[in-house]
file coords-v5.cif (mmCIF, C-alpha atoms)
data_data
loop_
_atom_site.label_atom_id
_atom_site.label_comp_id
_atom_site.auth_asym_id
_atom_site.auth_seq_id
_atom_site.Cartn_x
_atom_site.Cartn_y
_atom_site.Cartn_z
CA MET Q 1 0.00 0.00 0.00
CA ARG Q 2 2.79 2.40 0.97
CA ARG Q 3 4.64 1.58 -2.27
CA ALA Q 4 1.52 2.31 -4.31
CA MET Q 5 1.05 5.72 -2.64
CA THR Q 6 4.69 6.65 -3.33
CA THR Q 7 4.31 5.73 -6.99
CA LEU Q 8 1.16 7.86 -7.26
CA ILE Q 9 2.84 10.94 -5.75
CA VAL Q 10 5.85 10.64 -8.10
CA ALA Q 11 3.56 10.35 -11.11
CA ALA Q 12 1.54 13.42 -10.10
CA GLY Q 13 4.70 15.48 -9.66
CA ALA Q 14 5.90 14.48 -13.10
CA ALA Q 15 2.57 15.50 -14.58
CA LEU Q 16 2.81 18.93 -12.98
CA LEU Q 17 6.28 19.40 -14.40
CA LEU Q 18 5.00 18.52 -17.84
CA VAL Q 19 2.10 21.01 -17.55
CA GLY Q 20 4.46 23.76 -16.41
CA CYS Q 21 6.68 23.26 -19.44
CA ALA Q 22 3.95 22.85 -22.02
CA GLY Q 23 2.92 26.59 -22.37
CA SER Q 24 6.32 28.20 -22.98
CA GLY Q 25 5.60 28.91 -26.67
CA GLY Q 26 9.29 29.12 -27.39
CA LEU Q 27 9.98 31.83 -24.77
CA ASP Q 28 13.04 31.45 -22.66
CA GLY Q 29 11.52 33.09 -19.60
CA ASP Q 30 13.77 36.15 -19.78
CA LEU Q 31 11.48 39.14 -20.42
CA THR Q 32 14.28 41.66 -20.88
CA ASP Q 33 16.01 40.44 -24.02
CA ASP Q 34 13.17 39.86 -26.50
CA TRP Q 35 11.99 43.50 -27.16
CA ALA Q 36 12.96 45.02 -30.50
CA ALA Q 37 15.16 48.10 -30.23
CA LEU Q 38 13.36 51.42 -30.78
CA PRO Q 39 14.24 53.06 -34.11
CA PRO Q 40 16.33 56.23 -33.94
CA PRO Q 41 14.48 59.58 -34.40
CA SER Q 42 13.96 60.31 -38.07
CA ALA Q 43 13.19 63.45 -40.05
CA PHE Q 44 9.54 64.09 -40.86
CA THR Q 45 8.31 66.33 -43.69
CA PRO Q 46 4.66 67.39 -44.05
CA SER Q 47 2.82 67.27 -47.36
CA ALA Q 48 1.46 70.13 -49.48
CA GLY Q 49 -2.09 70.15 -50.82
CA VAL Q 50 -3.56 68.76 -47.60
CA CYS Q 51 -5.60 70.38 -44.84
CA GLN Q 52 -5.69 70.39 -41.06
CA ALA Q 53 -8.70 70.43 -38.77
CA ALA Q 54 -6.64 72.05 -36.01
CA ASP Q 55 -5.78 75.74 -35.82
CA PHE Q 56 -2.47 77.04 -37.12
CA THR Q 57 0.55 76.72 -34.84
CA GLU Q 58 3.98 78.19 -35.50
CA VAL Q 59 5.68 74.94 -34.46
CA VAL Q 60 4.51 71.57 -35.80
CA THR Q 61 5.31 68.24 -34.16
CA LEU Q 62 4.84 64.81 -35.66
CA ALA Q 63 2.26 64.02 -32.98
CA SER Q 64 0.16 67.07 -33.92
CA TYR Q 65 0.34 66.42 -37.67
CA GLU Q 66 -3.06 65.01 -38.65
CA PRO Q 67 -3.84 65.86 -42.30
CA VAL Q 68 -7.44 65.63 -43.50
CA ASP Q 69 -9.13 65.71 -46.89
CA CYS Q 70 -9.70 69.34 -47.92
CA ALA Q 71 -13.19 68.40 -49.09
CA GLY Q 72 -14.22 68.09 -45.44
CA PRO Q 73 -14.25 70.67 -42.63
CA HIS Q 74 -10.84 72.18 -41.87
CA ARG Q 75 -9.16 75.34 -40.58
CA LEU Q 76 -6.06 75.61 -42.74
CA GLU Q 77 -4.60 74.35 -46.01
CA THR Q 78 -0.93 73.74 -46.72
CA VAL Q 79 -0.16 75.21 -50.14
CA HIS Q 80 3.60 74.62 -50.24
CA VAL Q 81 6.43 73.02 -48.28
CA GLY Q 82 9.90 74.48 -48.71
CA ALA Q 83 13.29 73.67 -47.20
CA PHE Q 84 16.07 75.44 -45.34
CA PRO Q 85 19.71 74.47 -45.98
CA VAL Q 86 20.53 71.13 -44.37
CA GLU Q 87 23.59 72.58 -42.66
CA ARG Q 88 21.53 74.90 -40.45
CA ALA Q 89 22.01 73.88 -36.81
CA SER Q 90 18.80 75.49 -35.52
CA ALA Q 91 15.55 77.01 -36.73
CA PRO Q 92 15.80 80.64 -37.95
CA ALA Q 93 14.76 83.30 -35.47
CA SER Q 94 11.78 85.58 -35.94
CA GLY Q 95 12.80 88.57 -38.04
CA SER Q 96 15.83 86.83 -39.52
CA ALA Q 97 16.70 87.05 -43.21
CA GLU Q 98 16.14 83.28 -43.51
CA LEU Q 99 12.61 83.47 -42.17
CA ARG Q 100 11.80 86.47 -44.35
CA GLY Q 101 13.08 84.46 -47.31
CA ALA Q 102 10.81 81.56 -46.35
CA PHE Q 103 7.82 83.91 -46.17
CA ALA Q 104 8.67 85.37 -49.58
CA GLU Q 105 8.70 81.88 -51.09
CA CYS Q 106 5.40 81.07 -49.38
CA ASP Q 107 3.96 84.37 -50.63
CA THR Q 108 4.79 83.54 -54.25
CA ARG Q 109 3.56 79.95 -54.00
CA ALA Q 110 0.32 80.92 -52.24
CA THR Q 111 -0.47 83.49 -54.94
CA GLY Q 112 0.05 80.87 -57.63
CA TYR Q 113 -2.04 78.37 -55.68
CA VAL Q 114 -5.16 80.55 -55.31
CA GLY Q 115 -4.84 82.30 -58.69
CA ASP Q 116 -4.25 85.88 -57.50
CA ASP Q 117 -2.50 87.71 -54.70
CA TRP Q 118 -3.91 85.92 -51.65
CA ARG Q 119 -4.36 89.33 -49.97
CA ALA Q 120 -7.10 90.05 -52.50
CA GLY Q 121 -9.23 87.66 -50.47
CA ARG Q 122 -10.17 87.06 -46.85
CA LEU Q 123 -7.07 84.96 -46.38
CA ARG Q 124 -4.05 84.85 -44.07
CA LEU Q 125 -0.73 83.24 -44.95
CA SER Q 126 1.45 81.85 -42.17
CA VAL Q 127 4.73 79.94 -41.97
CA ALA Q 128 5.14 76.93 -39.66
CA LEU Q 129 8.45 75.33 -38.63
CA PRO Q 130 9.53 71.98 -37.18
CA SER Q 131 9.79 71.50 -33.42
CA GLY Q 132 13.16 71.47 -31.65
CA PRO Q 133 13.31 67.66 -31.50
CA GLY Q 134 12.24 67.51 -35.14
CA TRP Q 135 15.01 69.89 -36.11
CA GLY Q 136 17.46 67.78 -34.12
CA ALA Q 137 16.31 64.70 -36.04
CA GLY Q 138 17.06 66.39 -39.36
CA SER Q 139 13.84 68.20 -40.35
CA ARG Q 140 14.63 71.37 -42.31
CA TRP Q 141 11.25 72.19 -43.84
CA PHE Q 142 8.96 75.19 -43.59
CA ARG Q 143 5.25 74.90 -44.22
CA CYS Q 144 3.11 77.54 -45.98
CA ASP Q 145 -0.44 77.55 -44.59
CA LEU Q 146 -3.46 79.53 -45.78
CA THR Q 147 -6.44 80.21 -43.54
CA GLU Q 148 -9.81 81.73 -44.45
CA LEU Q 149 -10.87 84.60 -42.19
CA SER Q 150 -14.25 86.11 -41.39
CA THR Q 151 -12.85 89.57 -42.21
CA THR Q 152 -9.53 91.26 -42.93
CA GLU Q 153 -10.37 93.93 -40.36
CA ALA Q 154 -9.64 93.77 -36.64
CA GLY Q 155 -11.36 90.99 -34.72
CA ALA Q 156 -11.07 88.42 -37.51
CA THR Q 157 -11.87 84.80 -36.69
CA VAL Q 158 -10.89 81.64 -38.54
CA VAL Q 159 -13.56 80.19 -40.83
CA VAL Q 160 -14.03 76.42 -40.76
CA ARG Q 161 -14.40 75.75 -44.47
CA SER Q 162 -14.91 72.76 -46.75
CA GLY Q 163 -13.23 72.65 -50.15
CA SER Q 164 -9.73 73.45 -51.33
CA LEU Q 165 -8.44 76.98 -51.87
CA ARG Q 166 -6.72 75.96 -55.10
CA ASP Q 167 -7.74 78.52 -57.80
CA ALA Q 168 -10.18 80.05 -55.28
CA LEU Q 169 -9.38 83.61 -56.45
CA LYS Q 170 -9.54 82.93 -60.15
CA GLY Q 171 -12.47 85.01 -61.36
CA GLN Q 172 -15.31 86.00 -59.06
CA SER Q 173 -15.33 84.51 -55.60
CA GLY Q 174 -17.06 85.07 -52.29
CA LEU Q 175 -13.58 85.24 -50.80
CA ARG Q 176 -12.62 88.29 -52.83
CA LEU Q 177 -12.41 91.74 -51.30
CA GLY Q 178 -14.61 94.16 -53.22
CA CYS Q 179 -16.89 97.06 -52.42
CA GLN Q 180 -17.05 98.31 -48.84
CA GLN Q 181 -18.97 100.66 -46.62
CA THR Q 182 -16.84 102.62 -44.19
CA ARG Q 183 -17.60 103.32 -40.58
CA VAL Q 184 -16.01 106.61 -39.62
CA ALA Q 185 -15.25 108.01 -36.19
CA ALA Q 186 -15.35 111.78 -35.81
CA GLY Q 187 -11.87 113.20 -36.22
CA ARG Q 188 -10.31 109.76 -36.57
CA GLY Q 189 -11.06 108.81 -40.18
CA VAL Q 190 -12.08 105.34 -41.30
CA GLN Q 191 -12.28 102.86 -38.45
CA THR Q 192 -13.84 99.83 -40.12
CA LEU Q 193 -14.59 98.55 -43.62
CA VAL Q 194 -17.72 96.44 -44.03
CA PRO Q 195 -18.15 94.36 -47.24
CA VAL Q 196 -21.27 95.12 -49.31
CA GLU Q 197 -22.56 94.18 -52.75
CA CYS Q 198 -21.33 96.70 -55.32
CA ALA Q 199 -24.92 97.30 -56.48
CA ARG Q 200 -25.72 98.71 -53.04
CA GLN Q 201 -24.67 102.15 -51.88
CA HIS Q 202 -21.07 102.19 -50.71
CA ASP Q 203 -18.18 104.60 -50.38
CA ALA Q 204 -15.08 102.40 -50.60
CA GLU Q 205 -13.60 99.60 -52.70
CA PHE Q 206 -10.55 97.34 -52.57
CA VAL Q 207 -8.15 98.40 -55.34
CA GLY Q 208 -5.12 96.16 -54.88
CA VAL Q 209 -1.96 95.48 -52.91
CA TRP Q 210 1.10 97.68 -52.56
CA ARG Q 211 4.26 95.85 -51.57
CA ALA Q 212 6.37 97.91 -49.23
CA PRO Q 213 10.19 97.83 -49.56
CA ASP Q 214 12.50 96.82 -46.74
CA MET Q 215 11.55 99.56 -44.29
CA PRO Q 216 10.66 99.80 -40.59
CA TYR Q 217 7.08 99.20 -39.55
CA PRO Q 218 5.19 102.54 -39.58
CA THR Q 219 4.69 103.96 -36.11
CA ARG Q 220 4.80 107.74 -36.67
CA ASP Q 221 2.73 109.90 -39.01
CA ALA Q 222 5.71 110.46 -41.32
CA ASP Q 223 6.24 106.70 -41.62
CA TRP Q 224 2.83 106.26 -43.22
CA ALA Q 225 3.50 108.58 -46.17
CA PRO Q 226 5.07 105.87 -48.42
CA LEU Q 227 2.08 103.57 -47.77
CA TYR Q 228 -0.41 106.24 -48.86
CA THR Q 229 1.68 107.05 -51.92
CA GLY Q 230 1.87 103.38 -52.86
CA CYS Q 231 -1.84 102.85 -52.40
CA ARG Q 232 -2.67 105.92 -54.50
CA SER Q 233 -0.67 104.35 -57.33
CA ALA Q 234 -2.66 101.12 -56.90
CA LEU Q 235 -5.86 103.19 -56.99
CA SER Q 236 -4.88 104.94 -60.22
CA ARG Q 237 -4.20 101.62 -61.97
CA TYR Q 238 -7.43 100.07 -60.75
CA VAL Q 239 -9.71 102.96 -61.75
CA SER Q 240 -7.66 103.98 -64.82
CA VAL Q 241 -7.02 107.57 -63.82
CA PRO Q 242 -3.73 109.53 -63.95
CA ASP Q 243 -1.36 109.05 -61.04
CA ASP Q 244 -0.70 112.75 -60.63
CA ALA Q 245 -1.17 115.59 -58.18
CA ASP Q 246 -4.91 115.68 -58.86
CA LEU Q 247 -5.41 112.09 -57.70
CA ARG Q 248 -5.82 113.09 -54.05
CA PHE Q 249 -8.73 115.32 -55.13
CA ARG Q 250 -10.48 112.41 -56.84
CA SER Q 251 -10.53 110.00 -53.91
CA GLY Q 252 -9.14 109.31 -50.50
CA VAL Q 253 -7.34 106.06 -49.70
CA VAL Q 254 -7.50 103.62 -46.82
CA VAL Q 255 -4.35 101.61 -46.14
CA ARG Q 256 -4.32 98.31 -44.25
CA PRO Q 257 -0.79 97.03 -43.62
CA PRO Q 258 -0.16 93.71 -41.88
CA GLY Q 259 0.47 93.82 -38.14
CA ALA Q 260 3.89 94.54 -36.70
CA GLY Q 261 4.54 90.86 -35.98
CA ARG Q 262 3.75 89.79 -39.52
CA TRP Q 263 5.80 92.71 -40.89
CA LYS Q 264 8.76 91.40 -38.90
CA VAL Q 265 8.61 87.94 -40.50
CA GLY Q 266 8.42 89.40 -44.01
CA ASP Q 267 4.80 90.22 -44.85
CA ARG Q 268 5.01 93.62 -46.58
CA GLY Q 269 1.79 93.51 -48.58
CA VAL Q 270 -0.45 96.51 -47.86
CA ARG Q 271 -4.14 96.21 -48.76
CA CYS Q 272 -5.36 99.40 -50.45
CA TYR Q 273 -8.90 100.84 -50.72
CA LEU Q 274 -10.31 103.89 -52.44
CA TRP Q 275 -12.52 106.02 -50.21
CA LEU Q 276 -15.18 108.45 -51.39
CA SER Q 277 -15.49 110.66 -48.35
CA ASN Q 278 -18.08 112.93 -49.94
CA ARG Q 279 -20.44 110.55 -51.80
CA THR Q 280 -21.58 106.99 -52.40
CA VAL Q 281 -21.89 104.93 -55.58
CA THR Q 282 -23.83 101.82 -56.60
CA ALA Q 283 -21.31 100.17 -58.92
CA SER Q 284 -17.67 99.14 -58.96
CA LEU Q 285 -15.24 101.83 -60.07
CA LYS Q 286 -12.81 99.38 -61.64
CA GLY Q 287 -11.72 100.88 -64.98
CA ALA Q 288 -14.23 103.73 -64.60
CA GLY Q 289 -11.67 106.35 -65.70
CA PRO Q 290 -11.80 110.10 -64.99
CA ALA Q 291 -15.55 110.27 -65.63
CA GLY Q 292 -16.21 107.73 -62.89
CA LEU Q 293 -13.78 109.35 -60.46
CA PRO Q 294 -13.80 113.06 -61.28
CA VAL Q 295 -11.68 115.68 -59.55
CA ARG Q 296 -13.60 117.20 -56.67
CA THR Q 297 -13.96 120.94 -56.88
CA LYS Q 298 -15.07 121.41 -53.27
#
call {"tool": "encode", "arguments": {"input": "coords-v5.cif", "output": "structure tokens"}}
result
Amino acid sequence: MRRAMTTLIVAAGAALLLVGCAGSGGLDGDLTDDWAALPPPSAFTPSAGVCQAADFTEVVTLASYEPVDCAGPHRLETVHVGAFPVERASAPASGSAELRGAFAECDTRATGYVGDDWRAGRLRLSVALPSGPGWGAGSRWFRCDLTELSTTEAGATVVVRSGSLRDALKGQSGLRLGCQQTRVAAGRGVQTLVPVECARQHDAEFVGVWRAPDMPYPTRDADWAPLYTGCRSALSRYVSVPDDADLRFRSGVVVRPPGAGRWKVGDRGVRCYLWLSNRTVTASLKGAGPAGLPVRTK
């Protein structure tokens, strides 16, 4: 009897040993040596012609890069991706010649993308750069992003749009700046421009963009003189009237330069508007000539 019990115990122990070994699946029991090594950080480059549902940020990380189809709702569209020299050790600083050069390239590409100067519409162009870790991993790109705005005046908000901006300013478009009605504060001139249909009474109209040279941002009255001169030239071309000493007696001008921060990174495009301070019209004055914009005698 005792021999039988001993045999039974030995058999049971052997069975347990067999069960314990059966589920190894080829593992050696050492959990520290079977993980694959993480890949080294690699350079990431965004794509052009795609959109983002998120708002614009000046620095883009791989984790925040989530492109969406431009046919669906989005807040910005990437119209071009350029590159800095590979030998640059760090991202260019705000106001640097390199960043101004990147903006100039974006400016040209954005204009070609939408079919006209992007400033002729309710659009804002911005330049995004890689993050610090991205730069360290070899990223040297800059991204050119266009955003639709509710207005080009103060207090603008981003429009969540559907549909690409490609060729959006070719021909007539709801994005285009056109006829405006001014809101004037006593003794302070034009405060706000409100878009209206040209067939309705209005006293102002977008006439084009004047590109300022490399000059400081205007802060004093004297600094604004070149902007008014440039916009008067844009006005004369738009209406087809002489750009001479009489021009100031035909119409006033409203100038809308970019903000100081945008000026610093290279945006020098000034939006220009004619302003009829003494009357209203019910049609566009484009190409109207001297008869449509006569010299005021009073």
call {"tool": "resolve_selection", "arguments": {"input": "coords-v5.cif", "expression": "the PyMOL selection byres ((chain Q and resi 111) around 12)", "output": "PDB file with C-alpha atoms, in the coordinates of the input"}}
result
ATOM      1  CA  VAL Q  79      -0.160  75.210 -50.140  1.00  0.00           C
ATOM      2  CA  HIS Q  80       3.600  74.620 -50.240  1.00  0.00           C
ATOM      3  CA  ALA Q 104       8.670  85.370 -49.580  1.00  0.00           C
ATOM      4  CA  GLU Q 105       8.700  81.880 -51.090  1.00  0.00           C
ATOM      5  CA  CYS Q 106       5.400  81.070 -49.380  1.00  0.00           C
ATOM      6  CA  ASP Q 107       3.960  84.370 -50.630  1.00  0.00           C
ATOM      7  CA  THR Q 108       4.790  83.540 -54.250  1.00  0.00           C
ATOM      8  CA  ARG Q 109       3.560  79.950 -54.000  1.00  0.00           C
ATOM      9  CA  ALA Q 110       0.320  80.920 -52.240  1.00  0.00           C
ATOM     10  CA  GLY Q 112       0.050  80.870 -57.630  1.00  0.00           C
ATOM     11  CA  TYR Q 113      -2.040  78.370 -55.680  1.00  0.00           C
ATOM     12  CA  VAL Q 114      -5.160  80.550 -55.310  1.00  0.00           C
ATOM     13  CA  GLY Q 115      -4.840  82.300 -58.690  1.00  0.00           C
ATOM     14  CA  ASP Q 116      -4.250  85.880 -57.500  1.00  0.00           C
ATOM     15  CA  ASP Q 117      -2.500  87.710 -54.700  1.00  0.00           C
ATOM     16  CA  TRP Q 118      -3.910  85.920 -51.650  1.00  0.00           C
ATOM     17  CA  ARG Q 119      -4.360  89.330 -49.970  1.00  0.00           C
ATOM     18  CA  ALA Q 120      -7.100  90.050 -52.500  1.00  0.00           C
ATOM     19  CA  GLY Q 121      -9.230  87.660 -50.470  1.00  0.00           C
ATOM     20  CA  LEU Q 123      -7.070  84.960 -46.380  1.00  0.00           C
ATOM     21  CA  ARG Q 124      -4.050  84.850 -44.070  1.00  0.00           C
ATOM     22  CA  LEU Q 125      -0.730  83.240 -44.950  1.00  0.00           C
ATOM     23  CA  CYS Q 144       3.110  77.540 -45.980  1.00  0.00           C
ATOM     24  CA  ASP Q 145      -0.440  77.550 -44.590  1.00  0.00           C
ATOM     25  CA  LEU Q 146      -3.460  79.530 -45.780  1.00  0.00           C
ATOM     26  CA  LEU Q 165      -8.440  76.980 -51.870  1.00  0.00           C
ATOM     27  CA  ARG Q 166      -6.720  75.960 -55.100  1.00  0.00           C
ATOM     28  CA  ASP Q 167      -7.740  78.520 -57.800  1.00  0.00           C
ATOM     29  CA  ALA Q 168     -10.180  80.050 -55.280  1.00  0.00           C
ATOM     30  CA  LEU Q 169      -9.380  83.610 -56.450  1.00  0.00           C
ATOM     31  CA  LYS Q 170      -9.540  82.930 -60.150  1.00  0.00           C
TER      32      LYS Q 170
END
call {"tool": "closest_residue", "arguments": {"input": "coords-v5.cif", "among": "Q:Cys231, Q:Arg296, Q:Asp244, Q:Val209", "to": "Gly269 in chain Q", "atoms": "only C-alpha atoms"}}
result
Q:Val209
call {"tool": "atom_distance", "arguments": {"input": "coords-v5.cif", "atom1": "CA of Pro67 in chain Q", "atom2": "CA of Gln52 in chain Q"}}
result
5.0 Å
call {"tool": "closest_residue", "arguments": {"input": "coords-v5.cif", "among": "Q:Val270, Q:Leu177, Q:Ala199, Q:Ala234", "to": "Ala212 in chain Q", "atoms": "only C-alpha atoms"}}
result
Q:Val270
call {"tool": "residues_around", "arguments": {"input": "coords-v5.cif", "residues": "Val81 in chain Q", "least_positions_apart": "6", "cutoff": "7 Å", "atoms": "all atoms listed in the file", "output": "list in words"}}
result
Ser47, Ala48, Trp141, Phe142, Arg143 and Cys144 of chain Q
call {"tool": "closest_atom_pairs", "arguments": {"input": "coords-v5.cif", "of": "range 151-268 of chain Q", "to": "range 95-98 of chain Q", "cutoff": "9 Å", "atoms": "all atoms listed in the file", "output": "CSV"}}
result
residue,atom,partner,partner_atom,distance
Q:Gly261,CA,Q:Gly95,CA,8.8
Q:Trp263,CA,Q:Gly95,CA,8.6
Q:Lys264,CA,Q:Gly95,CA,5.0
Q:Val265,CA,Q:Gly95,CA,4.9
Q:Gly266,CA,Q:Gly95,CA,7.5
call {"tool": "closest_residue", "arguments": {"input": "coords-v5.cif", "among": "Q:Asp69, Q:Thr280, Q:Gly132, Q:Arg140", "to": "Pro85 in chain Q", "atoms": "only C-alpha atoms"}}
result
Q:Arg140
call {"tool": "resolve_selection", "arguments": {"input": "coords-v5.cif", "expression": "the PyMOL selection byres ((chain Q and resi 239) around 12)", "output": "number ranges by chain"}}
result
Q: 205-208, 232-238, 240-243, 247, 250-251, 273-274, 284-294
call {"tool": "closest_residue", "arguments": {"input": "coords-v5.cif", "among": "Q:Cys272, Q:Ala83, Q:Ala54, Q:Val127", "to": "Gln180 in chain Q", "atoms": "all atoms listed in the file"}}
result
Q:Cys272
call {"tool": "atom_distance", "arguments": {"input": "coords-v5.cif", "atom1": "CA of Arg161 in chain Q", "atom2": "CA of Val196 in chain Q"}}
result
21.1 Å
call {"tool": "resolve_selection", "arguments": {"input": "coords-v5.cif", "expression": "the PyMOL selection byres ((chain Q and resi 198) around 6)", "output": "list of chain:residue names"}}
result
Q:Cys179, Q:Glu197, Q:Ala199, Q:Arg200, Q:Thr282, Q:Ala283, Q:Ser284
call {"tool": "closest_residue", "arguments": {"input": "coords-v5.cif", "among": "Q:Gly230, Q:Ala222, Q:Ala89, Q:Val68", "to": "Ala137 in chain Q", "atoms": "only C-alpha atoms"}}
result
Q:Ala89
call {"tool": "closest_residue", "arguments": {"input": "coords-v5.cif", "among": "Q:Val254, Q:Ala71, Q:Val295, Q:Val194", "to": "Thr229 in chain Q", "atoms": "all atoms listed in the file"}}
result
Q:Val254
call {"tool": "atom_distance", "arguments": {"input": "coords-v5.cif", "atom1": "CA of Pro216 in chain Q", "atom2": "CA of Arg100 in chain Q"}}
result
13.9 Å
call {"tool": "residues_near_point", "arguments": {"input": "coords-v5.cif", "point": "(-16.4, 93.6, -43.9)", "cutoff": "10 Å", "atoms": "only C-alpha atoms", "output": "list in words"}}
result
Arg122, Ser150, Thr151, Thr152, Glu153, Ala154, Ala156, Leu177, Gly178, Cys179, Gln180, Gln181, Thr182, Thr192, Leu193, Val194, Pro195 and Val196 of chain Q
call {"tool": "residues_around", "arguments": {"input": "coords-v5.cif", "residues": "Pro130 in chain Q", "least_positions_apart": "5", "cutoff": "9 Å", "atoms": "all atoms listed in the file", "output": "PyMOL selection string"}}
result
chain Q and resi 44-45+58-62+91+135+139-143
call {"tool": "build_atoms", "arguments": {"input": "coords-v5.cif", "residues": "range 150-157 of chain Q", "atoms": "all heavy atoms", "output": "compact mmCIF listing (two decimals), keeping the file's coordinate frame"}}
result
# COMPACT_ATOMS: atom_id res chain seq x y z
N SER Q 150 -12.91 85.51 -41.30
CA SER Q 150 -14.25 86.11 -41.39
C SER Q 150 -14.17 87.53 -41.94
O SER Q 150 -15.12 88.03 -42.55
CB SER Q 150 -14.91 86.12 -40.00
OG SER Q 150 -14.09 86.85 -39.07
N THR Q 151 -13.06 88.20 -41.73
CA THR Q 151 -12.85 89.57 -42.21
C THR Q 151 -11.35 89.84 -42.23
O THR Q 151 -10.58 89.14 -41.57
CB THR Q 151 -13.54 90.60 -41.28
OG1 THR Q 151 -13.24 91.92 -41.72
CG2 THR Q 151 -13.08 90.45 -39.84
N THR Q 152 -10.93 90.84 -42.98
CA THR Q 152 -9.53 91.26 -42.93
C THR Q 152 -9.34 92.44 -41.98
O THR Q 152 -8.24 92.95 -41.83
CB THR Q 152 -9.03 91.66 -44.33
OG1 THR Q 152 -9.87 92.68 -44.87
CG2 THR Q 152 -9.03 90.46 -45.27
N GLU Q 153 -10.42 92.86 -41.34
CA GLU Q 153 -10.37 93.93 -40.36
C GLU Q 153 -10.03 93.35 -38.98
O GLU Q 153 -9.88 92.14 -38.82
CB GLU Q 153 -11.71 94.67 -40.32
CG GLU Q 153 -12.07 95.39 -41.60
CD GLU Q 153 -11.18 96.60 -41.87
OE1 GLU Q 153 -11.37 97.63 -41.21
OE2 GLU Q 153 -10.30 96.51 -42.74
N ALA Q 154 -9.93 94.22 -38.00
CA ALA Q 154 -9.64 93.77 -36.64
C ALA Q 154 -10.75 92.85 -36.14
O ALA Q 154 -11.92 92.99 -36.52
CB ALA Q 154 -9.50 94.99 -35.71
N GLY Q 155 -10.38 91.92 -35.28
CA GLY Q 155 -11.36 90.99 -34.72
C GLY Q 155 -11.68 89.82 -35.61
O GLY Q 155 -12.69 89.14 -35.42
N ALA Q 156 -10.82 89.54 -36.59
CA ALA Q 156 -11.07 88.42 -37.51
C ALA Q 156 -11.03 87.10 -36.77
O ALA Q 156 -10.26 86.90 -35.84
CB ALA Q 156 -10.03 88.44 -38.62
N THR Q 157 -11.87 86.17 -37.21
CA THR Q 157 -11.87 84.80 -36.69
C THR Q 157 -11.65 83.84 -37.85
O THR Q 157 -11.93 84.16 -39.01
CB THR Q 157 -13.18 84.47 -35.97
OG1 THR Q 157 -14.28 84.65 -36.88
CG2 THR Q 157 -13.38 85.36 -34.76
